[in-house]
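Pasted below: structure25.csv, CSV, C-alpha atoms and all ligand atoms.
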chain,number,residue,atom,x,y,z
A,1,MET,CA,-7.4,32.5,3.4
A,2,ASN,CA,-5.4,31.0,6.3
A,3,ALA,CA,-1.9,32.6,6.8
A,4,ILE,CA,0.0,29.4,6.0
A,5,ALA,CA,-2.1,28.8,2.8
A,6,ASN,CA,-1.2,32.4,1.8
A,7,ARG,CA,2.4,31.7,2.5
A,8,VAL,CA,2.8,28.5,0.4
A,9,HIS,CA,0.8,30.2,-2.4
A,10,LYS,CA,3.1,33.2,-2.4
A,11,ILE,CA,6.3,31.2,-2.3
A,12,PHE,CA,5.0,28.9,-5.1
A,13,SER,CA,4.1,31.8,-7.4
A,14,GLU,CA,7.3,33.7,-6.8
A,15,SER,CA,9.5,30.6,-7.2
A,16,PHE,CA,7.8,29.1,-10.3
A,17,SER,CA,6.1,32.1,-11.9
A,18,ALA,CA,2.9,30.1,-12.1
A,19,GLU,CA,-0.4,29.7,-10.2
A,20,PRO,CA,-0.6,26.6,-8.0
A,21,ARG,CA,-3.7,24.7,-6.7
A,22,LEU,CA,-4.0,24.7,-2.9
A,23,PHE,CA,-4.8,21.9,-0.6
A,24,PHE,CA,-5.2,21.4,3.1
A,25,SER,CA,-4.6,18.0,4.8
A,26,PRO,CA,-5.4,17.6,8.5
A,27,GLY,CA,-3.8,15.9,11.4
A,28,ARG,CA,-6.0,13.8,13.7
A,29,ILE,CA,-6.9,13.2,17.3
A,30,ASN,CA,-8.0,9.8,18.6
A,31,LEU,CA,-10.5,9.6,21.4
A,32,ILE,CA,-9.9,6.0,22.2
A,33,GLY,CA,-8.8,2.7,20.5
A,34,GLU,CA,-5.0,2.9,20.5
A,35,HIS,CA,-2.7,0.4,18.8
A,36,VAL,CA,-5.7,-1.7,17.8
A,37,ASP,CA,-6.0,-0.5,14.2
A,38,TYR,CA,-3.5,-3.0,13.0
A,39,ASN,CA,-5.2,-5.6,15.2
A,40,ASP,CA,-8.6,-5.6,13.5
A,41,GLY,CA,-10.0,-3.4,16.3
A,42,PHE,CA,-12.1,-0.2,16.5
A,43,VAL,CA,-10.9,3.3,16.7
A,44,MET,CA,-12.5,6.7,17.3
A,45,PRO,CA,-10.4,9.4,15.5
A,46,ALA,CA,-11.4,12.9,14.2
A,47,ALA,CA,-9.6,15.1,11.7
A,48,ILE,CA,-8.5,18.4,13.3
A,49,ASP,CA,-8.1,22.0,12.1
A,50,LYS,CA,-4.3,21.8,12.1
A,51,GLY,CA,-2.4,20.1,9.4
A,52,VAL,CA,-0.3,20.6,6.2
A,53,TYR,CA,-0.9,23.1,3.4
A,54,TYR,CA,0.2,22.3,-0.1
A,55,ALA,CA,0.6,24.5,-3.2
A,56,LEU,CA,1.1,22.2,-6.1
A,57,GLU,CA,0.8,22.2,-9.9
A,58,LYS,CA,2.1,20.0,-12.8
A,59,ASN,CA,5.1,21.5,-14.6
A,60,GLU,CA,5.1,19.6,-18.0
A,61,THR,CA,8.5,18.0,-17.3
A,62,ASP,CA,9.6,14.8,-15.7
A,63,GLU,CA,11.0,16.5,-12.7
A,64,CYS,CA,9.4,16.9,-9.3
A,65,HIS,CA,10.5,20.0,-7.3
A,66,PHE,CA,9.7,20.2,-3.6
A,67,TYR,CA,10.2,23.0,-1.1
A,68,ALA,CA,9.6,22.3,2.6
A,69,VAL,CA,9.0,25.7,4.0
A,70,ASP,CA,9.3,24.6,7.6
A,71,PHE,CA,12.8,23.1,7.0
A,72,ASP,CA,13.8,25.7,4.4
A,73,GLU,CA,14.9,22.9,2.2
A,74,TRP,CA,14.5,22.3,-1.5
A,75,PHE,CA,14.9,19.1,-3.3
A,76,SER,CA,14.3,17.8,-6.8
A,77,VAL,CA,14.0,14.3,-8.2
A,78,ALA,CA,13.3,12.8,-11.7
A,79,ILE,CA,10.0,11.0,-11.6
A,80,LEU,CA,11.6,7.9,-13.1
A,81,SER,CA,14.3,7.7,-10.4
A,82,ILE,CA,12.2,7.9,-7.3
A,83,SER,CA,13.8,5.8,-4.6
A,84,LYS,CA,14.1,5.5,-0.9
A,85,GLN,CA,16.0,8.4,0.8
A,86,SER,CA,16.4,9.5,4.4
A,87,GLY,CA,14.1,11.3,6.8
A,88,TRP,CA,11.0,13.3,5.9
A,89,LYS,CA,11.6,13.1,2.1
A,90,ASN,CA,10.6,9.4,2.3
A,91,TYR,CA,7.0,10.4,3.2
A,92,LEU,CA,6.7,12.3,0.0
A,93,LEU,CA,8.6,10.1,-2.3
A,94,SER,CA,6.9,7.0,-1.1
A,95,VAL,CA,3.5,8.6,-2.0
A,96,VAL,CA,4.7,9.3,-5.5
A,97,ASN,CA,6.1,5.8,-5.7
A,98,GLU,CA,2.7,4.3,-4.8
A,99,PHE,CA,1.0,6.2,-7.7
A,100,LEU,CA,3.7,4.8,-10.1
A,101,LEU,CA,3.2,1.3,-8.7
A,102,LEU,CA,-0.5,1.6,-9.6
A,103,ASN,CA,0.6,2.7,-13.1
A,104,LYS,CA,-1.1,6.1,-12.7
A,105,LYS,CA,0.1,8.5,-15.3
A,106,ILE,CA,1.7,11.1,-13.1
A,107,LYS,CA,4.5,13.4,-14.4
A,108,GLY,CA,6.6,16.2,-13.1
A,109,PHE,CA,5.2,18.8,-10.6
A,110,ASN,CA,6.2,21.7,-8.4
A,111,CYS,CA,5.2,21.6,-4.8
A,112,VAL,CA,5.6,23.9,-1.8
A,113,PHE,CA,4.3,22.8,1.6
A,114,SER,CA,4.2,24.0,5.3
A,115,GLY,CA,2.1,23.0,8.3
A,116,ASP,CA,1.1,23.9,11.9
A,117,ILE,CA,1.3,20.5,13.6
A,118,PRO,CA,4.4,19.8,15.6
A,119,ARG,CA,6.2,16.7,14.2
A,120,GLY,CA,6.5,13.7,16.5
A,121,SER,CA,3.7,14.9,18.7
A,122,GLY,CA,1.3,11.9,18.1
A,123,ILE,CA,-1.1,14.1,16.0
A,124,SER,CA,0.0,12.3,12.8
A,125,SER,CA,1.9,14.9,10.9
A,126,SER,CA,3.0,12.0,8.7
A,127,ALA,CA,-0.5,11.1,7.6
A,128,ALA,CA,-1.1,14.8,6.9
A,129,VAL,CA,2.0,15.0,4.7
A,130,GLU,CA,1.1,11.8,2.8
A,131,GLY,CA,-2.6,12.6,2.5
A,132,GLY,CA,-2.1,16.1,1.2
A,133,LEU,CA,0.3,15.1,-1.5
A,134,ALA,CA,-1.7,12.0,-2.5
A,135,PHE,CA,-5.0,14.0,-2.7
A,136,ALA,CA,-3.2,16.8,-4.7
A,137,LEU,CA,-1.6,14.4,-7.2
A,138,ASN,CA,-4.9,12.5,-7.6
A,139,GLU,CA,-6.7,15.8,-8.5
A,140,VAL,CA,-4.0,17.4,-10.6
A,141,PHE,CA,-3.3,14.3,-12.7
A,142,ASP,CA,-6.9,13.1,-12.7
A,143,CYS,CA,-6.1,9.6,-11.4
A,144,GLY,CA,-9.6,8.8,-10.3
A,145,LEU,CA,-8.9,7.3,-6.9
A,146,ASP,CA,-11.6,7.7,-4.2
A,147,ARG,CA,-10.9,8.8,-0.6
A,148,VAL,CA,-10.7,5.3,0.8
A,149,GLU,CA,-8.3,4.2,-2.0
A,150,LEU,CA,-6.2,7.3,-1.2
A,151,ALA,CA,-6.1,6.4,2.5
A,152,ARG,CA,-4.9,2.9,1.6
A,153,LEU,CA,-2.3,4.2,-0.8
A,154,CYS,CA,-1.0,6.5,2.0
A,155,GLN,CA,-0.8,3.6,4.4
A,156,ARG,CA,1.2,1.6,1.9
A,157,ALA,CA,3.4,4.6,1.4
A,158,GLU,CA,4.2,4.8,5.1
A,159,HIS,CA,4.9,1.0,5.2
A,160,ASN,CA,7.2,1.2,2.2
A,161,PHE,CA,10.0,3.9,2.3
A,162,PRO,CA,9.6,5.1,5.9
A,163,ASN,CA,9.2,1.5,7.0
A,164,VAL,CA,6.6,2.2,9.7
A,165,LYS,CA,4.1,-0.6,9.6
A,166,CYS,CA,1.2,1.6,10.7
A,167,GLY,CA,-2.5,0.7,10.8
A,168,ILE,CA,-5.1,2.6,8.7
A,169,MET,CA,-6.5,4.9,11.4
A,170,ASP,CA,-4.4,8.1,10.7
A,171,GLN,CA,-4.8,8.0,6.9
A,172,PHE,CA,-8.5,7.1,7.1
A,173,ALA,CA,-9.2,10.0,9.5
A,174,ASN,CA,-7.1,12.3,7.3
A,175,MET,CA,-9.2,11.5,4.2
A,176,MET,CA,-12.6,10.9,5.8
A,177,GLY,CA,-12.8,13.3,8.7
A,178,LYS,CA,-15.9,15.5,9.1
A,179,GLN,CA,-16.0,18.7,11.1
A,180,ASP,CA,-17.8,18.4,14.5
A,181,ASN,CA,-17.8,14.6,14.1
A,182,VAL,CA,-15.8,11.7,15.4
A,183,LEU,CA,-15.4,8.5,13.3
A,184,LEU,CA,-16.1,5.1,14.7
A,185,LEU,CA,-14.0,2.9,12.4
A,186,ASP,CA,-14.0,-0.8,12.2
A,187,CYS,CA,-10.4,-1.4,11.1
A,188,LYS,CA,-11.2,-4.9,9.8
A,189,SER,CA,-14.0,-4.0,7.4
A,190,LEU,CA,-13.4,-0.2,7.1
A,191,GLU,CA,-17.1,0.2,7.9
A,192,HIS,CA,-17.5,3.5,9.7
A,193,GLN,CA,-20.1,5.8,11.3
A,194,TYR,CA,-19.9,9.4,12.2
A,195,PHE,CA,-20.9,10.6,15.7
A,196,PRO,CA,-21.6,14.2,16.4
A,197,LEU,CA,-18.9,15.2,18.9
A,198,GLN,CA,-21.1,16.8,21.6
A,199,LEU,CA,-19.0,17.3,24.7
A,200,ASP,CA,-21.5,19.4,26.7
A,201,GLY,CA,-19.5,21.5,29.0
A,202,TYR,CA,-16.1,19.9,28.2
A,203,LYS,CA,-13.2,20.5,25.8
A,204,ILE,CA,-10.5,18.3,24.4
A,205,VAL,CA,-7.1,19.6,25.4
A,206,LEU,CA,-3.8,18.2,24.2
A,207,LEU,CA,-0.7,18.6,26.3
A,208,ASN,CA,2.5,18.1,24.3
A,209,SER,CA,5.2,16.6,26.4
A,210,GLY,CA,7.8,17.8,23.9
A,211,VAL,CA,9.4,14.4,24.0
A,212,HIS,CA,9.9,13.8,20.3
A,213,HIS,CA,8.6,10.4,19.3
A,214,SER,CA,9.8,8.7,16.2
A,215,LEU,CA,7.8,5.6,15.2
A,216,ALA,CA,10.5,5.0,12.6
A,217,SER,CA,12.9,4.2,15.4
A,218,GLY,CA,11.5,0.6,15.4
A,219,GLU,CA,9.6,0.2,18.7
A,220,TYR,CA,6.3,0.6,16.9
A,221,ASN,CA,7.1,-2.2,14.5
A,222,ILE,CA,8.2,-4.4,17.4
A,223,ARG,CA,4.8,-3.9,19.1
A,224,ARG,CA,3.2,-5.0,15.9
A,225,GLN,CA,5.4,-8.1,15.7
A,226,ARG,CA,4.5,-9.1,19.2
A,227,CYS,CA,0.8,-8.9,18.3
A,228,GLU,CA,1.4,-10.9,15.2
A,229,GLU,CA,3.3,-13.6,17.1
A,230,GLY,CA,0.5,-13.7,19.7
A,231,MET,CA,-2.2,-13.9,17.1
A,232,SER,CA,-0.6,-16.8,15.2
A,233,PHE,CA,-0.4,-18.7,18.5
A,234,PHE,CA,-4.1,-18.1,19.4
A,235,LYS,CA,-5.2,-19.0,15.9
A,236,THR,CA,-4.0,-22.5,16.6
A,237,LYS,CA,-5.0,-22.7,20.2
A,238,LEU,CA,-8.4,-21.0,20.2
A,239,ASN,CA,-9.5,-21.5,16.6
A,240,ILE,CA,-10.1,-17.8,16.1
A,241,GLN,CA,-9.2,-15.4,13.2
A,242,SER,CA,-8.8,-12.2,15.0
A,243,PHE,CA,-8.3,-10.5,18.5
A,244,ARG,CA,-11.9,-9.4,18.4
A,245,ASP,CA,-13.1,-13.0,18.5
A,246,ILE,CA,-11.5,-13.5,21.9
A,247,HIS,CA,-13.9,-11.1,23.6
A,248,ASN,CA,-12.5,-11.4,27.1
A,249,ALA,CA,-8.8,-11.2,28.2
A,250,ASP,CA,-9.5,-14.0,30.8
A,251,ASN,CA,-9.7,-16.4,28.0
A,252,ILE,CA,-6.0,-16.1,27.3
A,253,LEU,CA,-4.9,-16.5,30.9
A,254,PRO,CA,-4.4,-20.3,30.7
A,255,TYR,CA,-1.9,-19.8,27.9
A,256,LYS,CA,0.3,-17.3,29.8
A,257,PRO,CA,2.9,-19.8,30.9
A,258,GLU,CA,3.5,-20.8,27.2
A,259,MET,CA,4.0,-17.3,26.0
A,260,LYS,CA,6.8,-14.7,26.1
A,261,PRO,CA,5.7,-12.2,28.8
A,262,GLU,CA,5.9,-9.2,26.5
A,263,VAL,CA,3.8,-11.0,23.9
A,264,TYR,CA,1.2,-12.0,26.4
A,265,ASP,CA,1.0,-8.5,27.8
A,266,CYS,CA,0.5,-6.9,24.4
A,267,CYS,CA,-2.3,-9.4,23.5
A,268,LYS,CA,-4.0,-8.8,26.8
A,269,TYR,CA,-3.9,-5.0,26.2
A,270,VAL,CA,-5.3,-5.4,22.6
A,271,ILE,CA,-8.2,-7.6,23.7
A,272,GLU,CA,-9.1,-5.2,26.5
A,273,GLU,CA,-8.8,-2.1,24.3
A,274,ILE,CA,-11.1,-3.5,21.6
A,275,GLY,CA,-13.7,-4.1,24.3
A,276,ARG,CA,-13.1,-0.6,25.8
A,277,THR,CA,-13.5,1.1,22.5
A,278,LYS,CA,-16.9,-0.6,21.9
A,279,LYS,CA,-18.0,0.5,25.3
A,280,ALA,CA,-16.7,4.0,24.8
A,281,ALA,CA,-18.8,4.3,21.6
A,282,THR,CA,-21.9,3.5,23.6
A,283,CYS,CA,-21.0,6.0,26.3
A,284,LEU,CA,-20.5,8.7,23.7
A,285,GLN,CA,-23.9,7.9,22.1
A,286,GLN,CA,-25.5,8.1,25.6
A,287,ASN,CA,-23.6,11.3,26.4
A,288,ASP,CA,-22.1,9.6,29.4
A,289,LEU,CA,-18.8,11.5,29.4
A,290,ILE,CA,-17.8,10.5,32.9
A,291,ALA,CA,-17.8,6.8,32.0
A,292,PHE,CA,-16.0,7.6,28.7
A,293,GLY,CA,-13.3,9.4,30.7
A,294,LYS,CA,-12.8,6.4,33.0
A,295,LEU,CA,-12.2,4.3,29.9
A,296,MET,CA,-9.6,6.8,28.7
A,297,TYR,CA,-7.7,6.3,32.0
A,298,ALA,CA,-7.9,2.5,31.7
A,299,THR,CA,-6.4,2.8,28.2
A,300,HIS,CA,-3.5,4.8,29.5
A,301,GLU,CA,-2.9,2.2,32.2
A,302,GLY,CA,-2.8,-0.5,29.6
A,303,LEU,CA,-0.6,1.4,27.2
A,304,SER,CA,1.8,2.2,30.0
A,305,LYS,CA,2.0,-1.1,31.9
A,306,LEU,CA,1.1,-3.8,29.3
A,307,TYR,CA,1.9,-2.3,25.9
A,308,GLN,CA,4.8,-0.3,27.2
A,309,VAL,CA,4.6,2.6,24.9
A,310,SER,CA,4.5,5.4,27.5
A,311,CYS,CA,7.3,7.3,29.1
A,312,GLU,CA,8.0,9.1,32.4
A,313,GLU,CA,6.8,12.5,31.0
A,314,LEU,CA,3.5,11.1,29.7
A,315,ASP,CA,2.8,9.1,32.9
A,316,PHE,CA,3.4,12.2,34.9
A,317,LEU,CA,1.0,14.3,32.9
A,318,VAL,CA,-1.8,11.8,33.2
A,319,GLU,CA,-1.1,11.3,37.0
A,320,GLN,CA,-1.3,15.1,37.5
A,321,THR,CA,-4.9,15.1,36.3
A,322,LEU,CA,-6.0,12.6,39.0
A,323,SER,CA,-6.1,15.4,41.6
A,324,ASN,CA,-7.9,17.8,39.3
A,325,ASP,CA,-11.7,17.5,39.5
A,326,ALA,CA,-12.1,19.4,36.2
A,327,VAL,CA,-10.4,16.6,34.3
A,328,ILE,CA,-12.6,13.5,33.6
A,329,GLY,CA,-10.3,11.6,31.3
A,330,SER,CA,-6.7,11.6,30.3
A,331,ARG,CA,-4.3,9.3,28.4
A,332,LEU,CA,-1.4,9.3,26.0
A,333,MET,CA,-2.6,9.6,22.4
A,334,GLY,CA,-1.2,8.0,19.2
A,335,GLY,CA,1.7,5.8,18.9
A,336,GLY,CA,3.3,6.8,22.2
A,337,PHE,CA,7.0,7.0,23.3
A,338,GLY,CA,6.4,10.8,23.7
A,339,GLY,CA,4.1,13.2,22.0
A,340,CYS,CA,0.8,14.3,23.5
A,341,THR,CA,-1.8,13.4,26.2
A,342,ILE,CA,-5.4,13.9,25.3
A,343,ASN,CA,-7.6,15.3,28.2
A,344,LEU,CA,-11.3,15.8,28.7
A,345,VAL,CA,-11.5,19.0,30.7
A,346,ALA,CA,-14.4,21.1,32.0
A,347,GLU,CA,-14.8,24.0,29.7
A,348,ASN,CA,-14.7,26.6,32.5
A,349,ALA,CA,-11.5,25.2,33.9
A,350,VAL,CA,-9.4,24.8,30.8
A,351,ASP,CA,-7.1,27.8,31.4
A,352,ASP,CA,-6.6,26.8,35.0
A,353,PHE,CA,-5.8,23.2,34.0
A,354,ILE,CA,-3.2,24.3,31.4
A,355,ALA,CA,-1.6,26.6,33.9
A,356,LYS,CA,-1.4,24.0,36.6
A,357,ALA,CA,-0.1,21.3,34.3
A,358,SER,CA,2.5,23.6,32.8
A,359,GLY,CA,3.7,24.7,36.2
A,360,ALA,CA,4.1,21.1,37.5
A,361,TYR,CA,5.8,20.0,34.3
A,362,LEU,CA,8.3,22.8,34.3
A,363,HIS,CA,9.0,22.1,37.9
A,364,LYS,CA,9.5,18.4,37.4
A,365,PHE,CA,11.3,18.2,34.0
A,366,ASN,CA,12.5,21.8,33.5
A,367,ARG,CA,10.7,21.8,30.2
A,368,ASN,CA,7.8,23.9,28.8
A,369,LEU,CA,4.5,22.3,28.0
A,370,GLU,CA,2.5,23.3,24.9
A,371,ALA,CA,-1.2,23.0,25.1
A,372,TYR,CA,-3.8,22.9,22.3
A,373,VAL,CA,-7.6,23.2,22.8
A,374,MET,CA,-8.7,21.0,19.9
A,375,GLN,CA,-11.2,21.8,17.1
A,376,THR,CA,-12.3,19.1,14.7
A,377,GLY,CA,-12.1,19.7,11.0
A,378,ASN,CA,-12.8,18.1,7.6
A,379,GLY,CA,-10.7,15.6,5.7
A,380,THR,CA,-8.2,16.6,3.1
A,381,SER,CA,-9.6,19.0,0.5
A,382,GLU,CA,-8.8,21.5,-2.1
A,383,ILE,CA,-8.9,25.2,-1.0
A,384,LYS,CA,-10.8,27.0,-3.7
B,401,LIG,C1,0.3,5.6,15.0
B,401,LIG,C2,-0.1,4.8,13.7
B,401,LIG,C3,-1.5,4.4,13.8
B,401,LIG,C4,-1.9,3.8,15.1
B,401,LIG,C5,-1.4,4.6,16.3
B,401,LIG,C6,-1.7,4.0,17.6
B,401,LIG,O1,-0.4,6.9,14.9
B,401,LIG,O2,0.2,5.5,12.6
B,401,LIG,O3,-1.8,3.5,12.7
B,401,LIG,O4,-1.4,2.5,15.2
B,401,LIG,O5,-0.1,4.9,16.2
B,401,LIG,O6,-3.0,3.8,17.8
This structure in C-alpha cells:
Amino acid sequence: MNAIANRVHKIFSESFSAEPRLFFSPGRINLIGEHVDYNDGFVMPAAIDKGVYYALEKNETDECHFYAVDFDEWFSVAILSISKQSGWKNYLLSVVNEFLLLNKKIKGFNCVFSGDIPRGSGISSSAAVEGGLAFALNEVFDCGLDRVELARLCQRAEHNFPNVKCGIMDQFANMMGKQDNVLLLDCKSLEHQYFPLQLDGYKIVLLNSGVHHSLASGEYNIRRQRCEEGMSFFKTKLNIQSFRDIHNADNILPYKPEMKPEVYDCCKYVIEEIGRTKKAATCLQQNDLIAFGKLMYATHEGLSKLYQVSCEELDFLVEQTLSNDAVIGSRLMGGGFGGCTINLVAENAVDDFIAKASGAYLHKFNRNLEAYVMQTGNGTSEIK
C-alpha cells in the first residue's frame, strides 16, 4: 500500500481504536480548455496519481471528528451544527452540508486525511479533498449517489461554504478519471469521451511556480461575473444561448465599443478557447502533437493578455520554453494567478528541461521551482 495510505490508516487505528475504510481521491491536470467549464465549453482533463488519502468510518454518534495530518490539526463538529467556518475546513464541512441538504441519512464519523498535491498549485487539491470525503460518505452511509451526482454535489459544496463559483471540470475529472486516458467533457451536457493519452516520445511536465494561488480571494468569481455580464448582453444582441453558439470571435467585434473592455476581452478569450479545445481534440485523435502544442501556447497568450489570470512568474516560465526545441507546448494550468505551467516535453530531454527552467527561475526570482513528470490515474475509489 502507498506510504500515505499506510500513514492515515495507522493514525486512524491508533487514535480511534478501530479499523477505517481507505479511499484515494486524485487531483487533475487539464490539457486544454481553461476557464470555459462555467461557460458551456469543452475541457480535456485527466485524473492524476497524486491526491488525497482518507481513512474514514462511522462512529455511531452524532459527532464528526477530523484530523488533517498535513496541518497537524484536529477538529470536531456535531452533525446538526455544521456551518460555514474559515479556510480549509469549509471544503469538508460544505460536503457534509450538501449530504444533509439532500436529506441523506449521514451521522457521526471519524476521518483522518493527508495528501501529496501541493495546495494552491492549480492541480485541484480542493476537488480532491471534496471528492474523497463525498465518495467515502456515500459508501459508508450507503447514500446511493452515482459518480456524476457526487461530482455535482462537490461542485455545489465548493460554491457554498468556500464561495468559489467553480465550473464542473475538477470535480468531474476527480470522479470520472481513467488511468492512461484523458476526458473530453462537454460542460454543457456533461457528455464525455475518453481518449487514450498517447504522447509518443513526449511527457507532460508540470512546473510549480510556488506562487500560491487562492481562488477564494475573489478574482476567479470576478472573471465568472464578467463572462455572465457579456453573455447576457450577447443573448439580446445575437439571439444566442451560449458562448459556443458564437463560433467566431470576429462576430463580437462590432459590439466592442458598447462593452466594458475587460468584459469584451474575457468573452473574446472564451469564444476562442472553446474553438481551440475542439481543434485540440482533433489534433490529439490524429496524434498531431505539434499542432496540439501550438494551441497550448495560444491558450496561454489568451489567459495572460485577455483573461488576465496569469502572473509574471508563469509568463516567464512559458517564455523560457520558446527557446527550447524539446518543448512543443506550454501554458499556465487551472485557475491561474499562480500555480503550475503544463508543458509537453520530448521524453529524452525532460531532465535537461527541468534543470534549465529551474536555473533560470532561481536566477530571475530567487525561488526554487518544483517539477512533476505527470502520470494519469483513476477517479476516486476505495483502496481495498
Ligand atoms: C479552477 C476551477 C475549474 C476551472 C479552472 C479553470 O480549477 O475549479 O472549475 O474553471 O479553474 O479552467
Contacts of ligand LIG 401 (chain B), 6 Å or closer, all atoms listed in the file, given as a PyMOL selection string: chain A and resi 34-35+37+124+166-170+334-335
Min atom-atom distance to Gln193 in chain A from the set A:Gly379, A:Gly132, A:Gly27, A:Pro45, counting all atoms listed in the file, belongs to A:Pro45
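Nearest-residue note for Ile117 in chain A: choosing from A:Leu197, A:Ile48, A:Val148, A:Leu190, the minimum distance belongs to A:Ile48, counting all atoms listed in the file.
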May I have the residues at most 10 Å from (-3.7, 12.5, -6.0) in the file's coordinates, counting all atoms listed in the file, as a compact mmCIF listing (two decimals) with C-alpha atoms, keeping the file's coordinate frame?
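Saved result, result_4.txt, follows:
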# COMPACT_ATOMS: atom_id res chain seq x y z
CA VAL A 95 3.50 8.60 -2.00
CA VAL A 96 4.70 9.30 -5.50
CA PHE A 99 1.00 6.20 -7.70
CA LYS A 104 -1.10 6.10 -12.70
CA ILE A 106 1.70 11.10 -13.10
CA GLY A 131 -2.60 12.60 2.50
CA GLY A 132 -2.10 16.10 1.20
CA LEU A 133 0.30 15.10 -1.50
CA ALA A 134 -1.70 12.00 -2.50
CA PHE A 135 -5.00 14.00 -2.70
CA ALA A 136 -3.20 16.80 -4.70
CA LEU A 137 -1.60 14.40 -7.20
CA ASN A 138 -4.90 12.50 -7.60
CA GLU A 139 -6.70 15.80 -8.50
CA VAL A 140 -4.00 17.40 -10.60
CA PHE A 141 -3.30 14.30 -12.70
CA ASP A 142 -6.90 13.10 -12.70
CA CYS A 143 -6.10 9.60 -11.40
CA GLY A 144 -9.60 8.80 -10.30
CA LEU A 145 -8.90 7.30 -6.90
CA ASP A 146 -11.60 7.70 -4.20
CA ARG A 147 -10.90 8.80 -0.60
CA LEU A 150 -6.20 7.30 -1.20
CA LEU A 153 -2.30 4.20 -0.80
List the neighbours of Ile240 in chain A out to 9 Å using only C-alpha atoms; skip same-chain residues closer than 6 positions along the sequence, and give me the result as a PyMOL selection string. chain A and resi 231+234+246
Counting all atoms listed in the file, find the residues whose atoms lie at most 12 Å from (5.7, 0.4, 5.6) (file coordinates) and write them out as an mmCIF file with C-alpha atoms, in the coordinates of the input.
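Below is the file point_17.cif, written as the result:
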data_model
loop_
_atom_site.group_PDB
_atom_site.id
_atom_site.type_symbol
_atom_site.label_atom_id
_atom_site.label_comp_id
_atom_site.auth_asym_id
_atom_site.auth_seq_id
_atom_site.Cartn_x
_atom_site.Cartn_y
_atom_site.Cartn_z
ATOM 1 C CA LYS A 84 14.100 5.500 -0.900
ATOM 2 C CA ASN A 90 10.600 9.400 2.300
ATOM 3 C CA TYR A 91 7.000 10.400 3.200
ATOM 4 C CA SER A 94 6.900 7.000 -1.100
ATOM 5 C CA VAL A 95 3.500 8.600 -2.000
ATOM 6 C CA GLU A 98 2.700 4.300 -4.800
ATOM 7 C CA ARG A 152 -4.900 2.900 1.600
ATOM 8 C CA LEU A 153 -2.300 4.200 -0.800
ATOM 9 C CA CYS A 154 -1.000 6.500 2.000
ATOM 10 C CA GLN A 155 -0.800 3.600 4.400
ATOM 11 C CA ARG A 156 1.200 1.600 1.900
ATOM 12 C CA ALA A 157 3.400 4.600 1.400
ATOM 13 C CA GLU A 158 4.200 4.800 5.100
ATOM 14 C CA HIS A 159 4.900 1.000 5.200
ATOM 15 C CA ASN A 160 7.200 1.200 2.200
ATOM 16 C CA PHE A 161 10.000 3.900 2.300
ATOM 17 C CA PRO A 162 9.600 5.100 5.900
ATOM 18 C CA ASN A 163 9.200 1.500 7.000
ATOM 19 C CA VAL A 164 6.600 2.200 9.700
ATOM 20 C CA LYS A 165 4.100 -0.600 9.600
ATOM 21 C CA CYS A 166 1.200 1.600 10.700
ATOM 22 C CA GLY A 167 -2.500 0.700 10.800
ATOM 23 C CA ILE A 168 -5.100 2.600 8.700
ATOM 24 C CA LEU A 215 7.800 5.600 15.200
ATOM 25 C CA ALA A 216 10.500 5.000 12.600
ATOM 26 C CA GLY A 218 11.500 0.600 15.400
ATOM 27 C CA TYR A 220 6.300 0.600 16.900
ATOM 28 C CA ASN A 221 7.100 -2.200 14.500
ATOM 29 C CA ARG A 224 3.200 -5.000 15.900
#
Please identify all polymer residues within 9 Å of Phe113 in chain A, counting all atoms listed in the file, omitting same-chain residues fewer than 6 positions from it, and present them as a PyMOL selection string. chain A and resi 5+8+52-56+66-70+129
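Shortest separation to Ile342 in chain A among A:Pro254, A:Gly51, A:Gly275, A:Gly329 occurs at residue A:Gly329, atoms counted being all atoms listed in the file.
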